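Enquirer: First the structure, which I've put down as structure tokens, then a few questions once you've had a look.
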Amino acid sequence: MDIFLALINDLERRSNVTIMKNAAVRSLTDDRRGVRLQDGATLRGDALIIATGGLSYPTTGSTGIGYRLAQEAGHTVVQQVPSLVSLSCVEPVPQDLVGFALKNVGLSVARPDGKRLFEGFGEMTFGDRSIDGPLVLSASRQVSRLLHNGEKLLAHIDLKPALSAQVLDKRLIADLDANGTRIFNDALRLWLPAELVPLALTRLHIEYYKRLNQINGAERRRLLAFLKNVEFTLCGTGDYSAAIVTQGGVSLNEVNPKTMESKLVPGLYFAGEVLDLDADTGGFNLQIAFSTGHTAGHSSATRNVVRE
Ligand SMILES: Cc1cc2nc3c(=O)[nH]c(=O)nc-3n(C[C@H](O)[C@H](O)[C@H](O)COP(=O)(O)OP(=O)(O)OC[C@H]3O[C@@H](n4cnc5c(N)ncnc54)[C@H](O)[C@@H]3O)c2cc1C
């Protein structure tokens, strides 16, 4: 909000710009060079820029109206889905794990046939029936649309990405040998943070109170498989109220990238998240808004100068 107000104040103070606050647009005028406001007033200009954002975080004023306005002007609008958002799981997450952050893990998301759609390394967290955090937000960009189309995907979490399965197996053999009299339930802390132990116990089907020197080869291989691949079935995403960006929007094929002017309606421009353009986390979405906003503003202003 501070940055928002700073930008508005700067515009009002330094540039010859009138900003109408609390003036919600309801529709375009028939000539598509103006807008009708909620209070019934009509505003017209030589050019019109639609920069109403997406559907994400409705509390920031985003209602998705820009998509409707673009459609009214004859534009193709690519179906929207939430992006940079948590991913919902079919399997419940044990309570101990909810809110816990896993650092330095590998995450890949794949179709059930094994086709890999995302692979990354970093930090992730768990919700009640969801996975979240920076790594998951990045994954959501690649898979949100597929999940919203009804596909079921698999998330694979590698808890020991720095160790190959072969090296890790040698370490497990050595650990089991060196800690033979410890019971499994307690010894799991050798390889896992405490928060992951309940999930390991449910997935591994190994007797809690078995001593490590009684763990057989098949059980050790199950433990190895768990450490290298904790699997969750993904069935959807979080909703727009917590999605950092909206994927989809006004088709780029119908907008001139050099000016951001509509190829269909002269004098109509688009900027920002209302476009079918989104990016990873890291400031790239803000950069899209700033760059397309600057281009649309500059080219719509110089358009008038050229015409006069
Ligand atoms: C919580 C959060 C964190 C984010 N963090 C990052 C980040 O770290 N890095 C990054 O790159 N991006 C981030 N983003 C995304 C980034 O903020 C957006 O992509 C970017 O602000 C989009 O800019 P925009 O101008 O297109 O739309 P917006 O910033 O959404 O602005 C649209 C404006 O249009 C107004 N409006 C809407 N409808 C009407 C109407 N009918 N009449 C009048 N006005 C209307 C809205 O009130 C709003 O002021 C984040 C987003 C959120 C929600």
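Residue names in the structure tokens use chain letters A, B, ... in the order shown, residue numbers from 1 in each chain, and ligand numbers from 1 in the order shown.
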At a cut-off of 7 Å and counting only C-alpha atoms and all ligand atoms, what residues surround ligand 1? Please answer as an MDAnalysis selection string.
Expert: chainID A and resid 23:26 51:54 56:57 60:66 243:245 271:274 281:287 289
Enquirer: The selected residues should be written to file as a PDB file, in the first residue's frame (atoms: C-alpha atoms).
Expert:
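This is the output file out11.pdb:
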```
ATOM      1  CA  ALA A  23     -14.224   5.591  -9.704  1.00  0.00           C
ATOM      2  CA  ALA A  24     -15.054   2.006 -10.635  1.00  0.00           C
ATOM      3  CA  VAL A  25     -15.454   1.267 -14.341  1.00  0.00           C
ATOM      4  CA  ARG A  26     -18.589  -0.663 -15.273  1.00  0.00           C
ATOM      5  CA  ALA A  51      -4.845  -2.267 -16.973  1.00  0.00           C
ATOM      6  CA  THR A  52      -7.253  -3.726 -14.449  1.00  0.00           C
ATOM      7  CA  GLY A  53      -5.049  -6.658 -13.348  1.00  0.00           C
ATOM      8  CA  GLY A  54      -6.182 -10.255 -13.046  1.00  0.00           C
ATOM      9  CA  SER A  56      -5.743 -12.728  -7.897  1.00  0.00           C
ATOM     10  CA  TYR A  57      -6.125 -11.257  -4.411  1.00  0.00           C
ATOM     11  CA  THR A  60      -6.529  -5.502  -3.935  1.00  0.00           C
ATOM     12  CA  GLY A  61      -9.437  -4.483  -6.213  1.00  0.00           C
ATOM     13  CA  SER A  62      -8.988  -7.202  -8.844  1.00  0.00           C
ATOM     14  CA  THR A  63     -12.343  -8.444 -10.089  1.00  0.00           C
ATOM     15  CA  GLY A  64     -11.344  -9.673 -13.543  1.00  0.00           C
ATOM     16  CA  ILE A  65     -13.483  -7.002 -15.210  1.00  0.00           C
ATOM     17  CA  GLY A  66     -10.728  -6.323 -17.763  1.00  0.00           C
ATOM     18  CA  ALA A 243      -2.727 -16.863  -5.859  1.00  0.00           C
ATOM     19  CA  ILE A 244       0.033 -14.340  -6.541  1.00  0.00           C
ATOM     20  CA  VAL A 245      -0.828 -14.070 -10.234  1.00  0.00           C
ATOM     21  CA  ALA A 271      -1.070  -3.482 -19.930  1.00  0.00           C
ATOM     22  CA  GLY A 272      -0.177  -5.768 -17.043  1.00  0.00           C
ATOM     23  CA  GLU A 273      -1.767  -8.891 -15.672  1.00  0.00           C
ATOM     24  CA  VAL A 274      -4.943  -8.566 -17.758  1.00  0.00           C
ATOM     25  CA  THR A 281       8.388 -15.282  -8.769  1.00  0.00           C
ATOM     26  CA  GLY A 282      11.281 -12.854  -8.419  1.00  0.00           C
ATOM     27  CA  GLY A 283       9.789  -9.526  -9.515  1.00  0.00           C
ATOM     28  CA  PHE A 284       9.132 -10.606 -13.093  1.00  0.00           C
ATOM     29  CA  ASN A 285       5.351 -10.036 -12.888  1.00  0.00           C
ATOM     30  CA  LEU A 286       5.870  -6.523 -11.574  1.00  0.00           C
ATOM     31  CA  GLN A 287       8.355  -5.994 -14.411  1.00  0.00           C
ATOM     32  CA  ALA A 289       3.271  -4.610 -15.447  1.00  0.00           C
TER      33      ALA A 289
END
```
Enquirer: Could you tell me, as a list of chain:residue names, which residues of segment 247-293 of chain A DSSP assigns to alpha helix (DSSP H) when given the backbone?
Expert: A:Phe284, A:Asn285, A:Leu286, A:Gln287, A:Ile288, A:Ala289, A:Phe290, A:Ser291, A:Thr292, A:Gly293
Enquirer: Write to file, as a short mmCIF file (atom, residue, chain, number, x, y, z; two decimals), in the first residue's frame, the residues of the selection just made, with C-alpha atoms.
Expert:
```
data_model
loop_
_atom_site.label_atom_id
_atom_site.label_comp_id
_atom_site.auth_asym_id
_atom_site.auth_seq_id
_atom_site.Cartn_x
_atom_site.Cartn_y
_atom_site.Cartn_z
CA PHE A 284 9.13 -10.61 -13.09
CA ASN A 285 5.35 -10.04 -12.89
CA LEU A 286 5.87 -6.52 -11.57
CA GLN A 287 8.36 -5.99 -14.41
CA ILE A 288 5.72 -7.15 -16.92
CA ALA A 289 3.27 -4.61 -15.45
CA PHE A 290 5.83 -1.79 -15.45
CA SER A 291 7.17 -2.51 -18.96
CA THR A 292 3.81 -3.01 -20.68
CA GLY A 293 2.35 -0.08 -18.71
#
```
Enquirer: Assign secondary structure with DSSP using the backbone only, and return the residues of segment 40-97 of chain A in strand (DSSP E or B) as a compact mmCIF listing (two decimals) with N, CA and C atoms, in the first residue's frame.
Expert:
```txt
# COMPACT_ATOMS: atom_id res chain seq x y z
N THR A 42 -19.73 9.10 -17.77
CA THR A 42 -18.99 8.56 -18.91
C THR A 42 -17.71 9.38 -19.10
N LEU A 43 -16.59 8.67 -19.34
CA LEU A 43 -15.32 9.35 -19.60
C LEU A 43 -14.85 8.92 -20.99
N ARG A 44 -14.38 9.90 -21.80
CA ARG A 44 -13.91 9.58 -23.15
C ARG A 44 -12.50 10.13 -23.36
N LEU A 48 -7.56 4.51 -24.89
CA LEU A 48 -8.01 3.88 -23.64
C LEU A 48 -7.08 2.71 -23.32
N ILE A 49 -6.56 2.66 -22.09
CA ILE A 49 -5.68 1.54 -21.69
C ILE A 49 -6.42 0.71 -20.64
N ILE A 50 -6.57 -0.56 -20.92
CA ILE A 50 -7.16 -1.47 -19.92
C ILE A 50 -6.00 -2.09 -19.13
N VAL A 77 -9.98 -14.02 -25.11
CA VAL A 77 -9.42 -14.04 -23.76
C VAL A 77 -9.15 -15.50 -23.38
N VAL A 78 -7.90 -15.80 -23.10
CA VAL A 78 -7.51 -17.18 -22.73
C VAL A 78 -8.02 -17.44 -21.31
N GLN A 79 -8.64 -18.61 -21.12
CA GLN A 79 -9.22 -19.00 -19.83
C GLN A 79 -8.22 -18.79 -18.69
N GLN A 80 -8.68 -18.19 -17.60
CA GLN A 80 -7.77 -17.90 -16.48
C GLN A 80 -7.69 -19.07 -15.49
N VAL A 81 -6.51 -19.22 -14.90
CA VAL A 81 -6.33 -20.13 -13.76
C VAL A 81 -5.41 -19.45 -12.75
N PRO A 82 -5.56 -19.78 -11.44
CA PRO A 82 -4.64 -19.20 -10.46
C PRO A 82 -3.23 -19.75 -10.66
N SER A 83 -2.23 -18.91 -10.45
CA SER A 83 -0.85 -19.37 -10.58
C SER A 83 0.00 -18.78 -9.46
N LEU A 87 -0.55 -26.09 -4.06
CA LEU A 87 -1.12 -27.21 -4.80
C LEU A 87 -1.84 -28.14 -3.84
N SER A 88 -3.04 -28.55 -4.19
CA SER A 88 -3.84 -29.40 -3.30
C SER A 88 -3.50 -30.87 -3.50
N CYS A 89 -3.49 -31.62 -2.39
CA CYS A 89 -3.15 -33.06 -2.45
C CYS A 89 -4.36 -33.91 -2.12
```
Enquirer: Which neighbours of Arg32 of chain A fall inside 10 Å, counting only C-alpha atoms, when residues of the same chain fewer than 6 positions from it are skipped, and could you give them as a PyMOL selection string?
Expert: chain A and resi 44-45+47-48+69-70+72-73+265-268
Enquirer: Can those selected residues be exported to a file as a short mmCIF file (atom, residue, chain, number, x, y, z; two decimals), in the first residue's frame so that it contains C-alpha atoms?
Expert:
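This is the output file result.cif:
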```
data_model
loop_
_atom_site.label_atom_id
_atom_site.label_comp_id
_atom_site.auth_asym_id
_atom_site.auth_seq_id
_atom_site.Cartn_x
_atom_site.Cartn_y
_atom_site.Cartn_z
CA ARG A 44 -13.91 9.58 -23.15
CA GLY A 45 -10.39 10.01 -24.53
CA ALA A 47 -7.00 6.35 -26.31
CA LEU A 48 -8.01 3.88 -23.64
CA LEU A 69 -14.16 -5.42 -21.28
CA ALA A 70 -11.64 -7.01 -23.69
CA GLU A 72 -16.77 -6.79 -25.38
CA ALA A 73 -14.18 -5.15 -27.64
CA VAL A 265 -9.55 -1.77 -32.06
CA PRO A 266 -7.30 1.24 -32.84
CA GLY A 267 -6.80 3.40 -29.76
CA LEU A 268 -7.41 0.57 -27.29
#
```
Enquirer: What are the nearest atom pairs, with distances in Å to one decimal, for all residues of segment 202-288 of chain A that come at most 12 Å from segment 98-105 of chain A, using only C-alpha atoms, set out by chain and rising residue number as a tab-separated table?
Expert:
```
residue	atom	partner	partner_atom	distance
A:Leu227	CA	A:Val105	CA	10.4
A:Lys228	CA	A:Val105	CA	9.7
A:Asn229	CA	A:Val105	CA	10.4
A:Val230	CA	A:Val105	CA	10.8
```
Enquirer: Residues at most 12 Å from segment 17-20 of chain A, counting only C-alpha atoms, excluding those fewer than 5 positions away in the same chain, as a PyMOL selection string?
Expert: chain A and resi 5+7-12+25+37+43+297
Enquirer: Need to verify the contact set: segment 202-213 of chain A, 10 Å, only C-alpha atoms, exclusion of same-chain residues closer than 3 positions in sequence. Can you return it as an MDAnalysis selection string?
Expert: chainID A and resid 94 175:188 197:199 216 219:223 225:226 230:231
Enquirer: Could you dump the residues just selected with N, CA and C atoms as a tab-separated table (two decimals), in the first residue's frame?
Expert:
```tsv
chain	number	residue	atom	x	y	z
A	94	PRO	N	-0.19	-35.26	7.68
A	94	PRO	CA	-0.27	-35.41	9.15
A	94	PRO	C	-0.12	-34.06	9.85
A	175	ASP	N	24.33	-47.11	8.94
A	175	ASP	CA	23.58	-46.60	10.10
A	175	ASP	C	22.82	-47.73	10.80
A	176	LEU	N	22.21	-48.63	10.01
A	176	LEU	CA	21.45	-49.74	10.61
A	176	LEU	C	22.40	-50.63	11.41
A	177	ASP	N	23.59	-50.82	10.85
A	177	ASP	CA	24.59	-51.65	11.49
A	177	ASP	C	25.08	-51.02	12.80
A	178	ALA	N	25.34	-49.71	12.74
A	178	ALA	CA	25.92	-49.02	13.91
A	178	ALA	C	24.90	-48.78	15.02
A	179	ASN	N	23.60	-48.88	14.68
A	179	ASN	CA	22.56	-48.57	15.67
A	179	ASN	C	21.61	-49.74	15.85
A	180	GLY	N	22.15	-50.95	15.73
A	180	GLY	CA	21.34	-52.17	15.68
A	180	GLY	C	20.33	-52.34	16.80
A	181	THR	N	20.63	-51.85	18.00
A	181	THR	CA	19.72	-52.11	19.13
A	181	THR	C	18.65	-51.03	19.29
A	182	ARG	N	18.76	-49.94	18.51
A	182	ARG	CA	17.74	-48.87	18.64
A	182	ARG	C	16.44	-49.32	17.98
A	183	ILE	N	15.32	-48.80	18.48
A	183	ILE	CA	14.04	-49.19	17.85
A	183	ILE	C	13.74	-48.23	16.69
A	184	PHE	N	13.06	-48.76	15.68
A	184	PHE	CA	12.86	-48.05	14.41
A	184	PHE	C	12.22	-46.67	14.61
A	185	ASN	N	11.13	-46.66	15.39
A	185	ASN	CA	10.35	-45.45	15.64
A	185	ASN	C	11.26	-44.28	16.07
A	186	ASP	N	12.19	-44.58	16.94
A	186	ASP	CA	13.08	-43.57	17.49
A	186	ASP	C	14.25	-43.30	16.53
A	187	ALA	N	14.72	-44.35	15.86
A	187	ALA	CA	15.90	-44.22	15.00
A	187	ALA	C	15.61	-43.43	13.72
A	188	LEU	N	14.33	-43.29	13.36
A	188	LEU	CA	14.00	-42.53	12.14
A	188	LEU	C	14.58	-41.11	12.19
A	197	VAL	N	8.45	-37.79	10.82
A	197	VAL	CA	8.40	-39.18	11.32
A	197	VAL	C	7.00	-39.79	11.21
A	198	PRO	N	5.91	-39.08	11.64
A	198	PRO	CA	4.58	-39.70	11.51
A	198	PRO	C	4.23	-40.07	10.07
A	199	LEU	N	4.61	-39.22	9.11
A	199	LEU	CA	4.32	-39.54	7.70
A	199	LEU	C	5.11	-40.77	7.28
A	216	ASN	N	14.81	-55.85	7.50
A	216	ASN	CA	15.31	-56.68	6.40
A	216	ASN	C	15.57	-55.84	5.14
A	219	GLU	N	12.62	-53.90	3.68
A	219	GLU	CA	12.24	-52.74	4.50
A	219	GLU	C	13.24	-51.59	4.32
A	220	ARG	N	14.53	-51.95	4.23
A	220	ARG	CA	15.54	-50.90	4.03
A	220	ARG	C	15.32	-50.22	2.68
A	221	ARG	N	14.96	-50.99	1.67
A	221	ARG	CA	14.72	-50.40	0.35
A	221	ARG	C	13.49	-49.50	0.37
A	222	ARG	N	12.48	-49.86	1.19
A	222	ARG	CA	11.30	-48.98	1.31
A	222	ARG	C	11.69	-47.66	1.96
A	223	LEU	N	12.56	-47.75	2.99
A	223	LEU	CA	13.02	-46.53	3.66
A	223	LEU	C	13.81	-45.66	2.68
A	225	ALA	N	13.51	-45.64	-0.57
A	225	ALA	CA	12.58	-45.08	-1.56
A	225	ALA	C	11.82	-43.88	-0.97
A	226	PHE	N	11.47	-43.96	0.32
A	226	PHE	CA	10.77	-42.84	0.97
A	226	PHE	C	11.68	-41.61	1.02
A	230	VAL	N	9.10	-38.92	-1.56
A	230	VAL	CA	7.82	-38.86	-0.83
A	230	VAL	C	6.80	-38.38	-1.86
A	231	GLU	N	5.78	-39.20	-2.07
A	231	GLU	CA	4.86	-38.92	-3.18
A	231	GLU	C	3.53	-38.35	-2.68
```
Enquirer: I'd like to know which of A:Tyr67, A:Asp128, A:Asp39, A:Ser86 is closest to Asp276 of chain A, using only C-alpha atoms.
Expert: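 Residue with the minimum atom-to-atom distance to Asp276 of chain A: A:Tyr67.
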Enquirer: Write out as a PyMOL selection string each polymer residue whose atoms come within 10 Å of Ala301 of chain A, counting only C-alpha atoms; drop sequence neighbours fewer than 5 positions from it.
Expert: chain A and resi 46-47+295-296+306
Enquirer: Work out how far atom CA of Pro58 of chain A is from atom CA of Arg145 of chain A, in Å to one decimal.
Expert: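 Atom CA of Arg145 of chain A sits 20.0 Å away from atom CA of Pro58 of chain A.
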Enquirer: Which polymer residues have any atom within 10 Å of an atom of Ser144 of chain A, counting only C-alpha atoms, with same-chain residues fewer than 4 positions away left out, as a CSV table (one decimal) with N, CA and C atoms, in the first residue's frame?
Expert:
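Writing the result to result-v8.csv gives the following:
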```csv
chain,number,residue,atom,x,y,z
A,81,VAL,N,-6.5,-19.2,-14.9
A,81,VAL,CA,-6.3,-20.1,-13.8
A,81,VAL,C,-5.4,-19.5,-12.8
A,82,PRO,N,-5.6,-19.8,-11.4
A,82,PRO,CA,-4.6,-19.2,-10.5
A,82,PRO,C,-3.2,-19.8,-10.7
A,83,SER,N,-2.2,-18.9,-10.4
A,83,SER,CA,-0.9,-19.4,-10.6
A,83,SER,C,0.0,-18.8,-9.5
A,84,LEU,N,1.2,-19.3,-9.3
A,84,LEU,CA,2.1,-19.0,-8.1
A,84,LEU,C,1.2,-19.2,-6.9
A,85,VAL,N,0.8,-20.4,-6.7
A,85,VAL,CA,-0.3,-20.7,-5.7
A,85,VAL,C,0.0,-22.1,-5.1
A,86,SER,N,-0.5,-22.4,-4.0
A,86,SER,CA,-0.3,-23.8,-3.4
A,86,SER,C,-1.0,-24.8,-4.2
A,87,LEU,N,-0.6,-26.1,-4.1
A,87,LEU,CA,-1.1,-27.2,-4.8
A,87,LEU,C,-1.8,-28.1,-3.8
A,137,LEU,N,5.3,-22.8,-5.5
A,137,LEU,CA,4.8,-21.7,-6.3
A,137,LEU,C,5.3,-21.8,-7.7
A,139,ALA,N,6.4,-24.5,-9.2
A,139,ALA,CA,5.8,-25.6,-9.9
A,139,ALA,C,4.4,-25.3,-10.4
A,140,SER,N,3.7,-24.5,-9.6
A,140,SER,CA,2.3,-24.3,-9.9
A,140,SER,C,2.2,-23.6,-11.3
A,148,HIS,N,-6.4,-27.8,-13.3
A,148,HIS,CA,-7.8,-27.2,-13.5
A,148,HIS,C,-8.5,-27.9,-14.6
A,149,ASN,N,-7.8,-28.5,-15.5
A,149,ASN,CA,-8.4,-29.3,-16.6
A,149,ASN,C,-8.8,-30.7,-16.1
A,151,GLU,N,-6.7,-33.0,-14.7
A,151,GLU,CA,-5.6,-34.0,-14.6
A,151,GLU,C,-5.2,-34.3,-13.2
A,235,CYS,N,-4.3,-32.7,-7.0
A,235,CYS,CA,-5.6,-32.7,-7.7
A,235,CYS,C,-6.2,-31.3,-7.9
A,236,GLY,N,-5.5,-30.3,-7.6
A,236,GLY,CA,-6.0,-28.9,-7.8
A,236,GLY,C,-5.0,-27.9,-7.2
A,237,THR,N,-5.5,-26.7,-7.1
A,237,THR,CA,-4.6,-25.6,-6.6
A,237,THR,C,-5.4,-24.8,-5.6
A,238,GLY,N,-4.7,-23.9,-4.8
A,238,GLY,CA,-5.4,-23.0,-4.0
A,238,GLY,C,-6.2,-22.0,-4.9
A,247,GLN,N,-3.0,-16.7,-14.4
A,247,GLN,CA,-2.5,-17.1,-15.7
A,247,GLN,C,-3.7,-17.0,-16.7
```
Enquirer: What does the distance from atom CA of Ser15 of chain A to atom CA of His294 of chain A come to in Å, to one decimal?
Expert: 14.1 Å
